[in-house]
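Undergrad: Sharing run-v5.cif below, mmCIF, C-alpha atoms:
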data_my_file
#
loop_
_atom_site.label_atom_id
_atom_site.label_comp_id
_atom_site.auth_asym_id
_atom_site.auth_seq_id
_atom_site.Cartn_x
_atom_site.Cartn_y
_atom_site.Cartn_z
CA MET A 1116 -71.29 87.66 18.97
CA ALA A 1117 -71.21 87.94 15.24
CA ASN A 1118 -72.92 85.32 13.14
CA GLU A 1119 -69.78 83.40 12.38
CA VAL A 1120 -68.11 80.16 13.25
CA GLU A 1121 -64.85 80.19 15.16
CA VAL A 1122 -62.59 77.19 14.68
CA ASN A 1123 -59.60 76.62 16.93
CA THR A 1124 -57.03 73.85 16.58
CA THR A 1125 -54.19 73.65 19.09
CA TYR A 1126 -51.35 71.18 19.34
CA ALA A 1127 -47.82 71.12 20.64
CA PHE A 1128 -44.97 68.65 20.43
CA VAL A 1129 -41.24 68.75 21.12
CA SER A 1130 -39.15 66.15 19.33
CA ASP A 1131 -36.19 64.32 20.85
CA ASP A 1132 -33.76 66.78 19.27
CA GLY A 1133 -35.60 69.70 20.83
CA THR A 1134 -37.39 70.93 17.74
CA ALA A 1135 -40.83 72.25 18.62
CA TYR A 1136 -43.86 71.85 16.44
CA SER A 1137 -46.77 73.80 17.82
CA GLU A 1138 -49.80 75.54 16.49
CA ASN A 1139 -52.64 77.59 17.85
CA HIS A 1140 -54.68 78.06 14.73
CA THR A 1141 -57.87 80.06 14.94
CA TYR A 1142 -59.95 81.29 12.06
CA PHE A 1143 -63.49 82.40 11.38
CA SER A 1144 -65.25 80.18 8.94
CA ASP A 1145 -67.60 82.11 6.69
CA ALA A 1146 -67.16 85.40 8.48
CA ASN A 1147 -69.61 87.11 6.12
CA THR A 1148 -72.52 86.45 8.50
CA THR A 1149 -73.88 83.56 6.45
CA ALA A 1150 -73.67 80.67 8.89
CA SER A 1151 -77.00 79.26 10.07
CA ARG A 1152 -79.00 76.14 10.86
CA ALA A 1153 -76.63 74.65 13.41
CA ARG A 1154 -77.31 71.05 14.35
CA ARG A 1155 -75.55 69.30 17.19
CA LEU A 1156 -76.48 65.74 18.04
CA GLY A 1157 -75.18 62.73 19.87
CA PHE A 1158 -75.72 59.57 17.87
CA ILE A 1159 -75.32 55.84 18.18
CA ALA A 1160 -73.32 54.01 15.53
CA THR A 1161 -74.14 50.35 15.02
CA THR A 1162 -73.01 47.42 12.94
CA SER A 1163 -75.69 48.21 10.38
CA GLY A 1164 -74.33 51.68 9.65
CA PRO A 1165 -77.24 54.03 10.20
CA THR A 1166 -77.51 57.39 8.48
CA VAL A 1167 -76.86 59.77 11.36
CA LEU A 1168 -77.08 62.97 9.33
CA ALA A 1169 -79.14 63.47 6.18
CA PHE A 1170 -79.48 66.49 3.94
CA SER A 1171 -82.37 67.79 1.83
CA THR A 1172 -82.96 70.70 -0.49
CA THR A 1173 -85.89 71.97 1.53
CA PRO A 1174 -85.75 72.87 5.21
CA SER A 1175 -86.84 70.06 7.47
CA TYR A 1176 -86.76 69.24 11.15
CA THR A 1177 -85.18 65.88 10.38
CA THR A 1178 -82.55 66.94 7.87
CA GLN A 1179 -79.88 69.55 7.41
CA LEU A 1180 -80.19 71.92 4.45
CA ARG A 1181 -78.22 70.60 1.50
CA GLY A 1182 -75.29 72.78 0.53
CA PRO A 1183 -71.91 73.82 1.84
CA CYS A 1184 -71.71 72.93 5.50
CA LEU A 1185 -69.09 72.89 8.21
CA LEU A 1186 -68.94 69.45 9.81
CA LEU A 1187 -67.24 68.14 12.93
CA VAL A 1188 -67.80 64.46 13.81
CA VAL A 1189 -66.20 62.98 16.93
CA ASN A 1190 -65.92 59.37 18.02
CA ARG A 1191 -66.85 59.70 21.70
CA ASP A 1192 -66.69 55.98 22.37
CA THR A 1193 -63.60 54.75 24.23
CA ARG A 1194 -64.04 51.16 23.04
CA ALA A 1195 -64.75 51.20 19.36
CA ASP A 1196 -63.59 52.49 16.02
CA MET A 1197 -66.07 54.19 13.75
CA PHE A 1198 -66.20 54.01 9.98
CA LEU A 1199 -67.66 57.11 8.37
CA THR A 1200 -69.03 57.33 4.86
CA LEU A 1201 -69.81 60.68 3.27
CA ASP A 1202 -71.93 60.51 0.14
CA GLY A 1203 -72.20 63.33 -2.36
CA ALA A 1204 -75.29 64.20 -4.38
CA LEU A 1205 -73.81 62.85 -7.62
CA GLY A 1206 -72.17 59.74 -6.27
CA ALA A 1207 -68.85 60.98 -4.92
CA ARG A 1208 -67.89 59.18 -1.76
CA SER A 1209 -65.33 59.82 0.94
CA GLN A 1210 -64.69 57.41 3.79
CA ARG A 1211 -62.79 57.71 7.01
CA ASN A 1212 -61.88 55.63 10.03
CA LEU A 1213 -62.00 57.22 13.47
CA LYS A 1214 -60.45 55.63 16.52
CA ALA A 1215 -61.57 56.55 20.02
CA GLY A 1216 -61.52 60.31 20.53
CA GLU A 1217 -60.59 61.10 16.95
CA TRP A 1218 -62.56 63.44 14.72
CA LEU A 1219 -63.42 64.29 11.17
CA PHE A 1220 -63.40 68.00 10.42
CA LEU A 1221 -64.42 69.61 7.15
CA ASP A 1222 -64.71 73.36 6.82
CA VAL A 1223 -66.85 72.78 3.78
CA THR A 1224 -68.46 69.44 3.06
CA ASP A 1225 -68.66 69.69 -0.72
CA LEU A 1226 -66.80 66.84 -2.33
CA ASP A 1227 -65.97 65.84 -5.87
CA ASN A 1228 -62.83 64.49 -7.44
CA THR A 1229 -63.13 66.96 -10.31
CA ALA A 1230 -62.23 69.67 -7.82
CA TYR A 1231 -58.71 68.46 -8.16
CA ALA A 1232 -58.78 68.01 -11.90
CA SER A 1233 -60.26 71.43 -12.54
CA PRO A 1234 -60.10 73.49 -9.39
CA ILE A 1235 -61.35 76.62 -11.09
CA THR A 1236 -64.39 75.16 -12.81
CA TYR A 1237 -65.42 72.11 -10.85
CA ALA A 1238 -69.03 71.60 -9.80
CA ALA A 1239 -69.09 70.78 -6.13
CA GLN A 1240 -71.28 67.96 -4.94
CA SER A 1241 -73.24 68.69 -1.82
CA LEU A 1242 -73.16 66.12 0.92
CA ILE A 1243 -76.40 64.15 1.10
CA ALA A 1244 -75.72 61.62 3.84
CA LEU A 1245 -73.34 60.71 6.63
CA THR A 1246 -73.48 57.07 7.70
CA VAL A 1247 -71.47 55.65 10.57
CA THR A 1248 -70.70 52.00 11.17
CA SER A 1249 -69.13 50.45 14.25
CA GLU A 1250 -68.20 46.96 15.31
CA ASN A 1251 -70.20 47.62 18.46
CA SER A 1252 -73.93 47.99 18.51
CA ASP A 1253 -73.97 51.10 20.66
CA ALA A 1254 -70.88 53.18 19.89
CA LYS A 1255 -71.34 56.79 20.88
CA GLY A 1256 -70.54 59.63 18.54
CA GLU A 1257 -71.40 63.28 18.21
CA TYR A 1258 -71.57 65.78 15.38
CA LEU A 1259 -71.92 69.51 14.84
CA CYS A 1260 -73.08 70.63 11.42
CA ILE A 1261 -73.54 74.28 10.41
CA TYR A 1262 -74.93 75.35 7.07
CA LYS A 1263 -72.96 77.98 5.19
CA ALA A 1264 -74.81 79.91 2.52
CA ALA A 1265 -71.56 80.79 0.80
CA SER A 1266 -68.11 79.38 1.06
CA MET B 727 -41.68 59.24 24.12
CA PRO B 728 -42.95 62.71 23.23
CA VAL B 729 -46.65 63.28 23.55
CA LEU B 730 -48.81 65.22 21.14
CA THR B 731 -52.08 66.59 22.49
CA ILE B 732 -54.52 68.06 20.03
CA TYR B 733 -57.49 70.25 20.91
CA LYS B 734 -60.28 71.11 18.50
CA THR B 735 -63.00 73.62 19.31
CA VAL B 736 -65.77 74.90 17.07
CA THR B 737 -67.76 77.82 18.48
CA TYR B 738 -70.98 79.20 17.08
CA ALA B 739 -73.99 81.00 18.50
CA ASP B 740 -77.31 81.10 16.71
CA PRO B 741 -77.97 84.78 15.86
CA ASP B 742 -81.69 84.59 16.67
CA SER B 743 -81.70 82.63 19.90
CA LEU B 744 -78.07 83.21 20.93
CA THR B 745 -77.99 79.50 21.71
CA PRO B 746 -74.36 78.35 21.80
CA TYR B 747 -73.33 75.37 19.73
CA THR B 748 -69.78 74.92 20.97
CA MET B 749 -68.22 71.51 20.51
CA THR B 750 -64.80 70.40 21.65
CA ALA B 751 -62.63 67.32 21.28
CA THR B 752 -59.21 66.33 22.59
CA LYS B 753 -56.86 63.57 21.53
CA THR B 754 -53.48 62.53 22.91
CA LEU B 755 -50.97 60.55 20.87
CA ASN B 756 -47.53 59.12 21.47
CA VAL B 757 -45.43 60.27 18.56
CA GLU B 758 -41.79 59.90 17.64
CA THR B 759 -41.11 62.53 15.04
CA ALA B 760 -42.68 65.26 13.00
CA GLN B 761 -42.13 67.38 9.96
CA ARG B 762 -43.35 70.78 8.86
CA THR B 763 -43.32 71.81 5.23
CA ARG B 764 -44.67 74.79 3.31
CA TYR B 765 -45.84 74.62 -0.29
CA THR B 766 -46.78 77.22 -2.86
CA LEU B 767 -49.44 75.68 -5.05
CA SER B 768 -50.55 76.17 -8.61
CA SER B 769 -54.05 75.83 -9.99
CA GLY B 770 -52.70 74.38 -13.20
CA SER B 771 -50.41 71.63 -11.98
CA ASN B 772 -50.39 69.34 -9.00
CA THR B 773 -48.09 69.54 -6.02
CA GLN B 774 -47.43 66.47 -3.95
CA ILE B 775 -47.61 67.57 -0.34
CA LEU B 776 -47.43 64.20 1.38
CA SER B 777 -45.95 60.85 0.45
CA ASN B 778 -46.78 57.99 2.76
CA GLY B 779 -44.85 54.79 3.25
CA TYR B 780 -41.25 55.92 3.16
CA PRO B 781 -39.05 55.36 6.20
CA GLY B 782 -37.15 58.14 7.85
CA LEU B 783 -38.22 61.72 7.99
CA THR B 784 -40.29 61.47 4.88
CA THR B 785 -43.70 60.56 6.10
CA ALA B 786 -44.43 56.99 7.04
CA ASN B 787 -47.38 55.86 9.11
CA PRO B 788 -48.63 59.33 10.01
CA LEU B 789 -50.70 59.53 13.17
CA TYR B 790 -51.97 63.08 12.81
CA THR B 791 -51.77 65.51 9.92
CA ALA B 792 -52.78 69.17 9.85
CA ILE B 793 -52.96 70.96 6.51
CA LYS B 794 -53.36 74.72 6.90
CA ASN B 795 -54.28 76.97 4.01
CA VAL B 796 -52.19 80.04 4.78
CA GLY B 797 -52.80 81.75 1.43
CA SER B 798 -55.67 83.75 -0.01
CA GLY B 799 -57.33 81.24 -2.33
CA SER B 800 -58.99 77.86 -1.89
CA ALA B 801 -56.89 74.72 -1.99
CA TYR B 802 -58.09 71.37 -3.30
CA ILE B 803 -56.43 68.28 -1.92
CA LEU B 804 -56.62 64.79 -3.37
CA PHE B 805 -56.01 61.58 -1.45
CA ASP B 806 -54.75 58.70 -3.53
CA ASP B 807 -54.46 55.11 -2.35
CA GLY B 808 -53.38 53.84 -5.76
CA THR B 809 -56.80 52.76 -6.95
CA SER B 810 -59.25 55.26 -5.50
CA VAL B 811 -59.15 58.96 -4.91
CA PHE B 812 -61.24 61.60 -3.25
CA SER B 813 -60.76 65.28 -2.72
CA HIS B 814 -61.81 68.10 -0.44
CA GLU B 815 -61.66 71.84 -0.52
CA ILE B 816 -59.74 73.82 2.08
CA PRO B 817 -60.94 77.44 1.93
CA ALA B 818 -58.47 80.24 2.51
CA GLY B 819 -57.49 80.42 6.15
CA ALA B 820 -59.04 77.07 6.99
CA ILE B 821 -57.44 73.93 8.36
CA PHE B 822 -57.97 70.29 7.38
CA ASP B 823 -56.73 67.78 9.90
CA PHE B 824 -57.08 64.03 10.06
CA TYR B 825 -55.82 60.96 11.88
CA GLY B 826 -53.96 57.97 10.65
CA GLU B 827 -53.37 56.71 7.16
CA ASP B 828 -56.23 54.26 6.65
CA ILE B 829 -58.33 57.10 5.46
CA TRP B 830 -60.06 55.53 2.54
CA GLY B 831 -61.57 52.12 3.18
CA THR B 832 -64.33 51.39 5.64
CA GLY B 833 -62.64 48.12 6.41
CA GLY B 834 -59.44 49.83 7.37
CA GLY B 835 -57.44 47.90 4.80
CA ASP B 836 -56.49 50.72 2.49
CA THR B 837 -53.96 53.41 3.15
CA PHE B 838 -53.31 56.52 1.14
CA ASN B 839 -49.93 56.69 -0.53
CA ALA B 840 -49.91 60.34 -1.49
CA ILE B 841 -51.75 63.60 -1.12
CA HIS B 842 -51.68 66.15 -3.91
CA ALA B 843 -52.91 69.72 -3.94
CA LYS B 844 -53.89 72.45 -6.37
CA GLY B 845 -54.95 76.06 -6.05
CA ASN B 846 -53.61 79.57 -6.09
CA THR B 847 -52.55 79.57 -2.49
CA GLU B 848 -50.01 78.27 0.02
CA LEU B 849 -50.22 75.33 2.40
CA GLU B 850 -48.38 74.57 5.59
CA VAL B 851 -48.39 70.87 6.42
CA ASP B 852 -47.58 69.43 9.84
CA VAL B 853 -47.25 65.63 10.03
CA PHE B 854 -46.73 63.67 13.24
CA MET B 855 -45.50 60.07 13.07
#
Written as structure tokens, how would this file's structure read?
TA:
Amino acid sequence: MANEVEVNTTYAFVSDDGTAYSENHTYFSDANTTASRARRLGFIATTSGPTVLAFSTTPSYTTQLRGPCLLLVVNRDTRADMFLTLDGALGARSQRNLKAGEWLFLDVTDLDNTAYASPITYAAQSLIALTVTSENSDAKGEYLCIYKAAS
Amino acid sequence: MPVLTIYKTVTYADPDSLTPYTMTATKTLNVETAQRTRYTLSSGSNTQILSNGYPGLTTANPLYTAIKNVGSGSAYILFDDGTSVFSHEIPAGAIFDFYGEDIWGTGGGDTFNAIHAKGNTELEVDVFM
């Protein structure tokens, strides 16, 4: 298998008037053999909002390498919502609510509002932390994070 | 009521160890209607690709949204809840999908009212309500 990440999203729905909306969307993220440093982990979200995934500029056994990453976070808990906070290196923040079974997917985790203002010249902020809060003290979640040297 | 079932699979194998890192998730939703729209974007001016809160076939209370970049350049999308914004990049060929409308606040109180996009590319947007 080539050193690449395959992403598949499939859904199908037929409306009451018979119109079908379906998709089997597969693509290879970063197909230029640059994906590496995969991390997959089950985590426990609590009311205190622990940092479940941290990033650093130097390789470490406790942190993911800071830079463009593919990220899939799933709420595996059937009881509880999860509240995700993604913090960028320069203060940008993106937050998301996940109900049971729902996921957050980002092909590339860089975030910065200036991307929209100046899409050609913006300076992407690398993700530095993912924190997850739950109203339960032991809500189960899972993530897969893969570093991409170029995106 | 029609049912929407969504499957997400990310597959990767470490090139040194060949260890697989496949992760899957599945979600089923009861939905009533949907819409599919295609947009040609510009890098110089914004394009509103989603407007939340309007009854009828214009999106209101979306349960699942999939934004596919079907062009050759990156797209940059911006979520706006009226007071706060954030944006993400969708590389060419990639998909960005999300659930619900309370996408901004950790307390679940905020909802986005619009999504805008820029970039020299095309987007196809599926919204299920």
Undergrad: Suppose you want the space between atom CA of Tyr1126 of chain A and atom CA of Ile793 of chain B; what is it in Å?
TA: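 Taking atom CA of Tyr1126 of chain A and atom CA of Ile793 of chain B, their separation equals 12.9 Å.
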Undergrad: Would you kindly report the residues of chain A within 8 Å of chain B, using only C-alpha atoms, as a PyMOL selection string?
TA: chain A and resi 1116-1131+1136+1142+1144+1151-1155+1189+1198-1200+1207-1213+1216-1228+1230-1231+1234-1235+1259+1266
Undergrad: Would you output that residue set with C-alpha atoms, as a PDB file, in the frame of the given file?
TA:
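Output (out.pdb):
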ATOM      1  CA  MET A1116     -71.290  87.660  18.970  1.00  0.00           C
ATOM      2  CA  ALA A1117     -71.210  87.940  15.240  1.00  0.00           C
ATOM      3  CA  ASN A1118     -72.920  85.320  13.140  1.00  0.00           C
ATOM      4  CA  GLU A1119     -69.780  83.400  12.380  1.00  0.00           C
ATOM      5  CA  VAL A1120     -68.110  80.160  13.250  1.00  0.00           C
ATOM      6  CA  GLU A1121     -64.850  80.190  15.160  1.00  0.00           C
ATOM      7  CA  VAL A1122     -62.590  77.190  14.680  1.00  0.00           C
ATOM      8  CA  ASN A1123     -59.600  76.620  16.930  1.00  0.00           C
ATOM      9  CA  THR A1124     -57.030  73.850  16.580  1.00  0.00           C
ATOM     10  CA  THR A1125     -54.190  73.650  19.090  1.00  0.00           C
ATOM     11  CA  TYR A1126     -51.350  71.180  19.340  1.00  0.00           C
ATOM     12  CA  ALA A1127     -47.820  71.120  20.640  1.00  0.00           C
ATOM     13  CA  PHE A1128     -44.970  68.650  20.430  1.00  0.00           C
ATOM     14  CA  VAL A1129     -41.240  68.750  21.120  1.00  0.00           C
ATOM     15  CA  SER A1130     -39.150  66.150  19.330  1.00  0.00           C
ATOM     16  CA  ASP A1131     -36.190  64.320  20.850  1.00  0.00           C
ATOM     17  CA  TYR A1136     -43.860  71.850  16.440  1.00  0.00           C
ATOM     18  CA  TYR A1142     -59.950  81.290  12.060  1.00  0.00           C
ATOM     19  CA  SER A1144     -65.250  80.180   8.940  1.00  0.00           C
ATOM     20  CA  SER A1151     -77.000  79.260  10.070  1.00  0.00           C
ATOM     21  CA  ARG A1152     -79.000  76.140  10.860  1.00  0.00           C
ATOM     22  CA  ALA A1153     -76.630  74.650  13.410  1.00  0.00           C
ATOM     23  CA  ARG A1154     -77.310  71.050  14.350  1.00  0.00           C
ATOM     24  CA  ARG A1155     -75.550  69.300  17.190  1.00  0.00           C
ATOM     25  CA  VAL A1189     -66.200  62.980  16.930  1.00  0.00           C
ATOM     26  CA  PHE A1198     -66.200  54.010   9.980  1.00  0.00           C
ATOM     27  CA  LEU A1199     -67.660  57.110   8.370  1.00  0.00           C
ATOM     28  CA  THR A1200     -69.030  57.330   4.860  1.00  0.00           C
ATOM     29  CA  ALA A1207     -68.850  60.980  -4.920  1.00  0.00           C
ATOM     30  CA  ARG A1208     -67.890  59.180  -1.760  1.00  0.00           C
ATOM     31  CA  SER A1209     -65.330  59.820   0.940  1.00  0.00           C
ATOM     32  CA  GLN A1210     -64.690  57.410   3.790  1.00  0.00           C
ATOM     33  CA  ARG A1211     -62.790  57.710   7.010  1.00  0.00           C
ATOM     34  CA  ASN A1212     -61.880  55.630  10.030  1.00  0.00           C
ATOM     35  CA  LEU A1213     -62.000  57.220  13.470  1.00  0.00           C
ATOM     36  CA  GLY A1216     -61.520  60.310  20.530  1.00  0.00           C
ATOM     37  CA  GLU A1217     -60.590  61.100  16.950  1.00  0.00           C
ATOM     38  CA  TRP A1218     -62.560  63.440  14.720  1.00  0.00           C
ATOM     39  CA  LEU A1219     -63.420  64.290  11.170  1.00  0.00           C
ATOM     40  CA  PHE A1220     -63.400  68.000  10.420  1.00  0.00           C
ATOM     41  CA  LEU A1221     -64.420  69.610   7.150  1.00  0.00           C
ATOM     42  CA  ASP A1222     -64.710  73.360   6.820  1.00  0.00           C
ATOM     43  CA  VAL A1223     -66.850  72.780   3.780  1.00  0.00           C
ATOM     44  CA  THR A1224     -68.460  69.440   3.060  1.00  0.00           C
ATOM     45  CA  ASP A1225     -68.660  69.690  -0.720  1.00  0.00           C
ATOM     46  CA  LEU A1226     -66.800  66.840  -2.330  1.00  0.00           C
ATOM     47  CA  ASP A1227     -65.970  65.840  -5.870  1.00  0.00           C
ATOM     48  CA  ASN A1228     -62.830  64.490  -7.440  1.00  0.00           C
ATOM     49  CA  ALA A1230     -62.230  69.670  -7.820  1.00  0.00           C
ATOM     50  CA  TYR A1231     -58.710  68.460  -8.160  1.00  0.00           C
ATOM     51  CA  PRO A1234     -60.100  73.490  -9.390  1.00  0.00           C
ATOM     52  CA  ILE A1235     -61.350  76.620 -11.090  1.00  0.00           C
ATOM     53  CA  LEU A1259     -71.920  69.510  14.840  1.00  0.00           C
ATOM     54  CA  SER A1266     -68.110  79.380   1.060  1.00  0.00           C
TER      55      SER A1266
END
Undergrad: Figure out the distance between atom CA of Gly1164 of chain A and atom CA of Lys1255 of chain A, please, to one decimal in Å.
TA: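 The value is 12.7 Å.
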Undergrad: Quick one, how far is atom CA of Tyr1262 of chain A from atom CA of Phe1170 of chain A?
TA: 10.4 Å
Undergrad: I'd like to see the residues matched by the PyMOL selection byres ((chain B and resi 798) around 6) on this file, and ideally I'd get them as a compact mmCIF listing (two decimals) with C-alpha atoms, keeping the file's coordinate frame.
TA:
# COMPACT_ATOMS: atom_id res chain seq x y z
CA GLY B 797 -52.80 81.75 1.43
CA GLY B 799 -57.33 81.24 -2.33
CA ALA B 818 -58.47 80.24 2.51
CA THR B 847 -52.55 79.57 -2.49
